[in-house]
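Undergrad: Please read through the structure below; I'll follow up with questions.
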Amino acid sequence: MSASIEIQIIAVLVAVACALPGVFLVLRQLAMMSDAISHAILPGIVIAFLLTEDLSSPLLILGAAAAGVATVALVELLRKTGLLKEDAAIGIVFPALFSVGVILIARFAGDVHLDVDAVLLGELAFAPFDRVVLGSIDVPKATLVMASILMLNVVFIGLFFKELKLATFDSALAATLGFTPVLLHYVLMGLVSTTAVGAFDAVGSILVVALMVAPPAAAYMLTQRLASMLWMSAALGAISAVGGYWMARWLDASIAGSMAYGWPRFSACSGLCSRARSRITGATAESSAAGFRARHATHSSLSPRRAARSRAGVPRGTSAGSPAMGAGFRYDGRSNGKARWLCGRPGGIDEAVRQRTRAGETRIGPYLIPAIFVVLLPTNSGILIVFRGG
Amino acid sequence: MDILTELFTDYTLRTVALGAALLGISAGALGCFALLRRQSLLGDAISHAALPGIALAFLLTGSKSSLVLILGAGAVGWFGSVLIAALTRRTPITYDTALGILLSVFFGVGLVMLTFIQRMPDANQAGLDSFLFGQAAALMQRDIYVILAIGSVILLLTVAFWKEFKLISFDPDMAETLGLPVRALEHLLTGLFVAAIVIGLQTVGVVLMSALIVAPAAAARQWTNRLGVMVLLAAVFGAVSGVSGAVSSSMAPNLPTGPVIVVVVSMIVGASLLFAPNRGFVFRKIREWKSGRALRVDAVLVDLYTLASQHASADYPHSEQVLNVMSSMSGTAKRTLHLLKTLELAQPIDDQRWSLTPAGEERARRVIEEHYGGGA
């Protein structure tokens with residue numbers, strides 16, 4: 001399967017997985033909770049990493065989810081004291097937690113200032129390089145993770161649809177009938193956290209907010225029924241993921257195309273990714289190199305010029321990059337967001353390599369958010385015209 | 001001590017600390033209005049939304065002077081706040097959803113622009129991404145002048161429109177009936193709010209600037225019920241956290257300024273929530289405990305009096321078990337009886353029985369009068 005299709009599949013999975021709990025956030029007027037949670041999971045990941053020293057440990061996801069739930073609990077605690085309103089409580093808790101995360105990275109996870117882009121944006125274009133082998137199928141890890149999170153969300157919402165509906169629209173009645181809306185609230189927020197963690201890895205915290213809030217907001221204007229709102233949010237999320245991907249590709253190409261500077265650097269990142277991949281699949285150096293060439297050929301479909309150079313065997317940045325990478329470079333086998341912002345610790349990628357990869361990598365992440373909104377906007381404005389006044 | 005001397009002698013440190021203090025003051029002061037108007041998260045949305053403004057200003061002018069960047073950020077931030085208002089008024093979208101949408105869209109566009117700038121062949125762009133988490137060490141004398149100028153305009157306008165802002169914060173309906181141009185005043189207040197945010201972006205960063213708006217105000221709110229005092233306190237808290245964050249991050253390398261400031265200001269909030277007189281958690285617990293004790297004392301006293309009133313004299317002793325039964329709602333009477341003894345309102349006759357003292361009798365009569373309107 002080509003990387004392009006894999007990226008789109010991941011994008012759709014992320015969008016749908018985010019849209020479903022997002023519906024309830026929007027309906028409960030907790031949209032900003034997605035922002036809070038997606039920021040506040042950072043210290044959870046960092047602390048779990050500092051404890052395990054292992055980037056691929058499932059504890060990282062657990063830590064992140066725990067931090068998400070802790071955020072919700074803290075906000076609730078502050079609100080219950082009656083000393084702060086809910087919005088102020090949110091506005092205090094998540095910057096504090098996020099700051100702790102940033103400081104922890106700065107102090108203990110290396111002396112390189114963290115790769116901000118990766119925290120905020122993730123990097124979808126890298127997701128296909130991080131793979132796992134399931135039986136006989138070789139899939140990107142992000143696909144697997146997001147598919148399971150999506151499953152979890154669908155199952156939870158399917159099982160507790162009636163309870164969620166009641167607790168969302170009439171929490172007093174839900175409490176009277178013994179549905180424990182508080183417990184449901186926490187479970188829902190745990191779900192939001194888990195989804196945010198999974199999505200954060202692939203697309204970064206800001207796109208998590210966008211995907212949790214925007215499709216449900218659009219669907220909110222289209223329908224009055226909860227079930228249709230869920231369907232529509234999922235559909236709008238999926239449409240904007242695919243549309244956004246192609247738009248991002250177009251934007252990236254048209255921007256990058258005007259700047260020759262970026263191209264030679266591409267190979268460095270590509271090499272980095274296939275190295276990362278070989279760690280996971282346990283491939284030898286030869287197969288890694290082969291994988292690198294294959295991967296590179298796949299990716300070179302992005303640009304005819306790059307493909308031509310690749311076929312001609314022009315080494316570009318690799319010649320400079322490879323020895324450096326081989327020397328100071330013990331990469332943990334993850335090329336996506338988490339790894340990149342935790343890098344810089346001893347044994348991580350050194351600054352030089354990082355700079356090289358950052359300068360010219362093919363970035364879809366940054367373009368994806370606006371692109372998704374350009375896809376969503378016609379839907380939105382069409383609805384606005386119809387519903388103006390209603 | 002070393003740091004203190006350096007604070008007054010070292011040029012860079014003084015510049016940085018002064019800048020951080022100034023923006024802490026204006027952010028703290030304006031944050032009070034946002035907090036009272038329930039717009040705490042507006043700061044988060046606007047500070048994120050200002051990012052494309054910074055990038056755009058750089059792309060258009062090619063200059064990294066903080067005035068240009070701040071103007072760009074301010075213009076786009078203000079546009080964002082207008083959009084939020086329009087979204088909430090014109091569509092069924094709620095306020096929080098509008099904030100979420102605006103935040104992610106504008107910030108996304110801003111990051112695209114930053115990526116675009118980073119790819120530009122000339123190297124002039126370095127340092128623009130310090131706007132994400134703030135880099136106080138990069139503050140220069142002329143940046144301080146910009147902060148100082150904008151900060152004083154903000155504070156002057158706040159003072160000039162003090163009573164109008166106060167009214168639209170607490171009772172916009174009354175402001176409307178008095179014939180005040182509420183919409184225009186709201187726009188002005190939001191404009192000042194945006195200005196207070198954008199002058200902090202370079203030091204604190206777009207991601208965390210919102211905390212410097214909300215947190216000092218939230219801390220100050222705990223100490224007072226008066227707006228004037230609250231604004232002053234918030235300004236002080238903002239200045240203190242700004243200075244300590246900026247100083248500690250310029251002392252330790254690789255410590256981003258914004259997060260340090262946020263951690264300091266969060267600790268101030270925590271301390272205020274716990275220890276502020278009247279509203280604070282500790283004081284409230286003490287008050288609850290005190291009033292609970294007073295109620296228990298009065299209850300046992302009245303019980304003793306009621307029992308004694310069935311007998312010839314008011315100091316007729318009664319056994320502890322009886323009192324236990326009578327005050328079964330609030331636990332055993334033993335501790336309360338000992339308390340009564342130290343207050344000299346009751347005395348033990350032997351190791352089981354207790355009687356009222358004259359003072360206790362007097363007090364019991366008064367309590368009954370107060371609660372049951374005389375006669376017992």
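A note on labels: chains of the structure tokens are A, B, ... as shown, every chain counts residues from 1, and ligands are counted from 1 in their shown order.
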Quick one: residues within 8 Å of Met212 (chain A), only C-alpha atoms, excluding same-chain residues fewer than 5 positions away - as a PyMOL selection string?

TA: chain A and resi 15+18-23+25+31+34

Undergrad: Residues of chain B that have any atom at most 6 Å from an atom of chain A: could you tabulate them with the shortest-distance atom pair and the distance in Å to one decimal, using only C-alpha atoms, ordered by chain and increasing number, as a tab-separated table?

TA:
residue	atom	partner	partner_atom	distance
B:Ser40	CA	A:Ala88	CA	5.3
B:Leu41	CA	A:Gly91	CA	5.9
B:Asp96	CA	A:Ala31	CA	5.6
B:Thr97	CA	A:Ala31	CA	5.2
B:Gly100	CA	A:Met32	CA	5.7
B:Ile101	CA	A:Ala214	CA	5.9
B:Ser104	CA	A:Ala210	CA	5.3
B:Gly108	CA	A:Ile369	CA	5.5
B:Val109	CA	A:Pro370	CA	5.8
B:Val112	CA	A:Pro366	CA	5.1
B:Leu208	CA	A:Pro95	CA	6.0
B:Ala211	CA	A:Ile92	CA	6.0
B:Ala215	CA	A:Ile92	CA	5.9
B:Pro259	CA	A:Ser99	CA	4.3
B:Val262	CA	A:Ala96	CA	6.0
B:Val263	CA	A:Ala96	CA	5.7

Undergrad: Print the selection's residues with N, CA and C atoms to a file, as an mmCIF file, in the first residue's frame.

TA:
data_model
loop_
_atom_site.group_PDB
_atom_site.id
_atom_site.type_symbol
_atom_site.label_atom_id
_atom_site.label_comp_id
_atom_site.auth_asym_id
_atom_site.auth_seq_id
_atom_site.Cartn_x
_atom_site.Cartn_y
_atom_site.Cartn_z
ATOM 1 N N SER B 40 -12.374 33.943 30.615
ATOM 2 C CA SER B 40 -11.000 33.530 30.905
ATOM 3 C C SER B 40 -10.331 32.858 29.713
ATOM 4 N N LEU B 41 -11.118 32.069 28.977
ATOM 5 C CA LEU B 41 -10.501 31.293 27.905
ATOM 6 C C LEU B 41 -10.356 32.096 26.621
ATOM 7 N N ASP B 96 -17.837 28.516 23.805
ATOM 8 C CA ASP B 96 -16.653 27.669 23.952
ATOM 9 C C ASP B 96 -16.266 27.009 22.636
ATOM 10 N N THR B 97 -17.285 26.590 21.858
ATOM 11 C CA THR B 97 -16.994 25.969 20.564
ATOM 12 C C THR B 97 -16.354 26.987 19.623
ATOM 13 N N GLY B 100 -12.782 27.305 20.489
ATOM 14 C CA GLY B 100 -12.014 26.142 20.046
ATOM 15 C C GLY B 100 -11.732 26.195 18.559
ATOM 16 N N ILE B 101 -12.754 26.553 17.777
ATOM 17 C CA ILE B 101 -12.583 26.615 16.327
ATOM 18 C C ILE B 101 -11.571 27.700 15.972
ATOM 19 N N SER B 104 -7.883 26.823 16.924
ATOM 20 C CA SER B 104 -7.153 25.851 16.116
ATOM 21 C C SER B 104 -6.926 26.350 14.696
ATOM 22 N N GLY B 108 -3.230 27.126 13.430
ATOM 23 C CA GLY B 108 -2.766 26.295 12.327
ATOM 24 C C GLY B 108 -2.220 27.143 11.199
ATOM 25 N N VAL B 109 -2.966 28.178 10.831
ATOM 26 C CA VAL B 109 -2.501 29.070 9.772
ATOM 27 C C VAL B 109 -1.171 29.704 10.170
ATOM 28 N N VAL B 112 1.637 27.273 9.679
ATOM 29 C CA VAL B 112 1.965 27.145 8.254
ATOM 30 C C VAL B 112 2.879 28.289 7.846
ATOM 31 N N LEU B 208 1.282 29.962 26.247
ATOM 32 C CA LEU B 208 1.043 30.087 27.681
ATOM 33 C C LEU B 208 0.643 31.483 28.138
ATOM 34 N N ALA B 211 -2.327 32.034 30.511
ATOM 35 C CA ALA B 211 -2.220 31.810 31.952
ATOM 36 C C ALA B 211 -1.860 33.097 32.680
ATOM 37 N N ALA B 215 -4.503 33.721 35.585
ATOM 38 C CA ALA B 215 -4.076 33.302 36.912
ATOM 39 C C ALA B 215 -3.924 34.455 37.914
ATOM 40 N N PRO B 259 6.955 28.854 30.459
ATOM 41 C CA PRO B 259 6.577 27.828 31.430
ATOM 42 C C PRO B 259 6.974 28.174 32.864
ATOM 43 N N VAL B 262 4.570 30.636 34.193
ATOM 44 C CA VAL B 262 3.273 30.004 34.457
ATOM 45 C C VAL B 262 3.314 29.183 35.740
ATOM 46 N N VAL B 263 4.420 28.472 35.955
ATOM 47 C CA VAL B 263 4.511 27.679 37.180
ATOM 48 C C VAL B 263 4.487 28.599 38.409
#

Undergrad: What lies within 9 Å of Ala308 (chain B) using only C-alpha atoms, ignoring chain neighbours under 4 positions off, as a PyMOL selection string?

TA: chain B and resi 303-304+312-318+355-356

Undergrad: Step one, run DSSP on the backbone; step two, keep only residues of region 21-146 of chain B assigned to alpha helix (DSSP H); then write them as a count of residues only.

TA: 96

Undergrad: Residues within 9 Å of Leu343 (chain B), please, as a list in words. Count only C-alpha atoms; anything in the same chain fewer than 4 positions from it doesn't count.

TA: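 Contacts, with the query itself left out: His338, Leu339 and Gly360 of chain B.
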
Undergrad: In terms of the shortest atom-to-atom distance over only C-alpha atoms, which of B:Ala34, B:Ile46, B:Ile199, B:Leu103 is closest to Ile144 (chain B)?

TA: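 Answer, going by the shortest atom-to-atom distance: B:Ile199.
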
Undergrad: Which one of B:Val322, B:Leu227, B:Leu155, B:Leu295 sits closest to Phe193 (chain B) if you count only C-alpha atoms?

TA: B:Leu155

Undergrad: If you count only C-alpha atoms, which residues fall within 10 Å of Ile147 (chain B), apart from same-chain ones fewer than 4 positions away, as a list in words?

TA: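 So the residues in contact are Leu18, Gly19, Ala20, Leu22, Leu23, Ser26, Ser66, Leu67, Ile70, Gln141, Arg142, Asp143, Gly151, Ser152, Val153, Ala195, Ala196, Val198, Ile199 and Gly200 of chain B.
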
Undergrad: In Å, with one decimal, what is the gap from CA of Val16 (chain A) to CA of Leu134 (chain A)?

TA: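 Going from CA of Val16 (chain A) over to CA of Leu134 (chain A), I get 23.0 Å.
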
Undergrad: Would you return as an MDAnalysis selection string the members of region 29-202 of chain A that DSSP assigns to strand (DSSP E) on this structure's backbone?

TA: chainID A and resid 131:134 137:140

Undergrad: If you count only C-alpha atoms, which residues fall within 12 Å of Ile149 (chain A), apart from same-chain ones fewer than 5 positions away, as a VMD selection string?

TA: chain A and resid 10 13 to 18 20 to 21 61 142 to 144 154 to 156 190 to 199

Undergrad: Store the residues of this selection in a file with N, CA and C atoms, as a compact mmCIF listing (two decimals), in the first residue's frame.

TA:
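Below is the file that was written, result08.txt:
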# COMPACT_ATOMS: atom_id res chain seq x y z
N ILE A 10 -4.94 6.86 8.03
CA ILE A 10 -4.69 7.32 9.41
C ILE A 10 -5.45 8.62 9.67
N LEU A 13 -9.05 7.88 10.24
CA LEU A 13 -9.25 7.24 11.54
C LEU A 13 -9.18 8.26 12.66
N VAL A 14 -8.14 9.13 12.59
CA VAL A 14 -8.00 10.15 13.63
C VAL A 14 -9.21 11.08 13.64
N ALA A 15 -9.62 11.52 12.46
CA ALA A 15 -10.72 12.47 12.39
C ALA A 15 -12.00 11.88 12.96
N VAL A 16 -12.30 10.64 12.58
CA VAL A 16 -13.55 10.03 13.06
C VAL A 16 -13.46 9.75 14.55
N ALA A 17 -12.30 9.24 14.98
CA ALA A 17 -12.14 8.95 16.41
C ALA A 17 -12.27 10.21 17.24
N CYS A 18 -11.79 11.34 16.73
CA CYS A 18 -11.89 12.60 17.47
C CYS A 18 -13.31 13.15 17.43
N LEU A 20 -16.20 11.72 17.34
CA LEU A 20 -17.25 11.08 18.14
C LEU A 20 -17.32 11.62 19.57
N PRO A 21 -16.24 11.57 20.35
CA PRO A 21 -16.33 12.18 21.68
C PRO A 21 -16.50 13.70 21.59
N ILE A 61 1.27 5.97 27.05
CA ILE A 61 -0.14 6.27 26.73
C ILE A 61 -0.95 6.29 28.01
N ALA A 142 0.45 3.77 13.76
CA ALA A 142 -0.61 4.74 14.01
C ALA A 142 -1.96 4.21 13.55
N THR A 143 -1.96 3.46 12.44
CA THR A 143 -3.22 2.89 11.96
C THR A 143 -3.81 1.98 13.02
N LEU A 144 -2.93 1.13 13.55
CA LEU A 144 -3.36 0.18 14.55
C LEU A 144 -3.90 0.90 15.79
N VAL A 154 -16.39 3.88 19.48
CA VAL A 154 -17.65 3.41 18.89
C VAL A 154 -18.36 2.48 19.85
N VAL A 155 -17.59 1.55 20.44
CA VAL A 155 -18.20 0.59 21.35
C VAL A 155 -18.79 1.31 22.56
N PHE A 156 -18.00 2.22 23.12
CA PHE A 156 -18.48 2.92 24.32
C PHE A 156 -19.74 3.72 24.01
N GLY A 190 -12.06 10.45 30.10
CA GLY A 190 -10.98 9.48 29.92
C GLY A 190 -10.87 9.09 28.46
N LEU A 191 -12.03 8.93 27.82
CA LEU A 191 -12.08 8.60 26.40
C LEU A 191 -11.48 9.74 25.58
N VAL A 192 -11.85 10.96 25.93
CA VAL A 192 -11.30 12.12 25.23
C VAL A 192 -9.78 12.14 25.38
N SER A 193 -9.31 11.85 26.60
CA SER A 193 -7.86 11.84 26.83
C SER A 193 -7.18 10.78 25.97
N THR A 194 -7.73 9.55 26.01
CA THR A 194 -7.12 8.47 25.24
C THR A 194 -7.08 8.83 23.76
N THR A 195 -8.21 9.34 23.27
CA THR A 195 -8.26 9.73 21.87
C THR A 195 -7.24 10.81 21.58
N ALA A 196 -7.16 11.77 22.50
CA ALA A 196 -6.22 12.87 22.30
C ALA A 196 -4.78 12.35 22.26
N VAL A 197 -4.47 11.38 23.13
CA VAL A 197 -3.11 10.84 23.15
C VAL A 197 -2.78 10.17 21.82
N GLY A 198 -3.70 9.30 21.38
CA GLY A 198 -3.46 8.61 20.13
C GLY A 198 -3.32 9.58 18.98
N ALA A 199 -4.22 10.55 18.94
CA ALA A 199 -4.23 11.50 17.83
C ALA A 199 -3.05 12.46 17.92

Undergrad: Please determine, counting only C-alpha atoms, which residue among B:Ser241, B:Val265, B:Gly258, B:Ala246 has the shortest atom-to-atom distance to Thr12 (chain B).

TA: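 Smallest distance to Thr12 (chain B) is found for B:Ala246.
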
Undergrad: With distances taken over only C-alpha atoms, which of A:Val12, A:Arg225, A:Ile41, A:Val72 is nearest to Gly204 (chain A)?

TA: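 Going through A:Val12, A:Arg225, A:Ile41, A:Val72 one by one, the smallest distance to Gly204 (chain A) is for A:Ile41.
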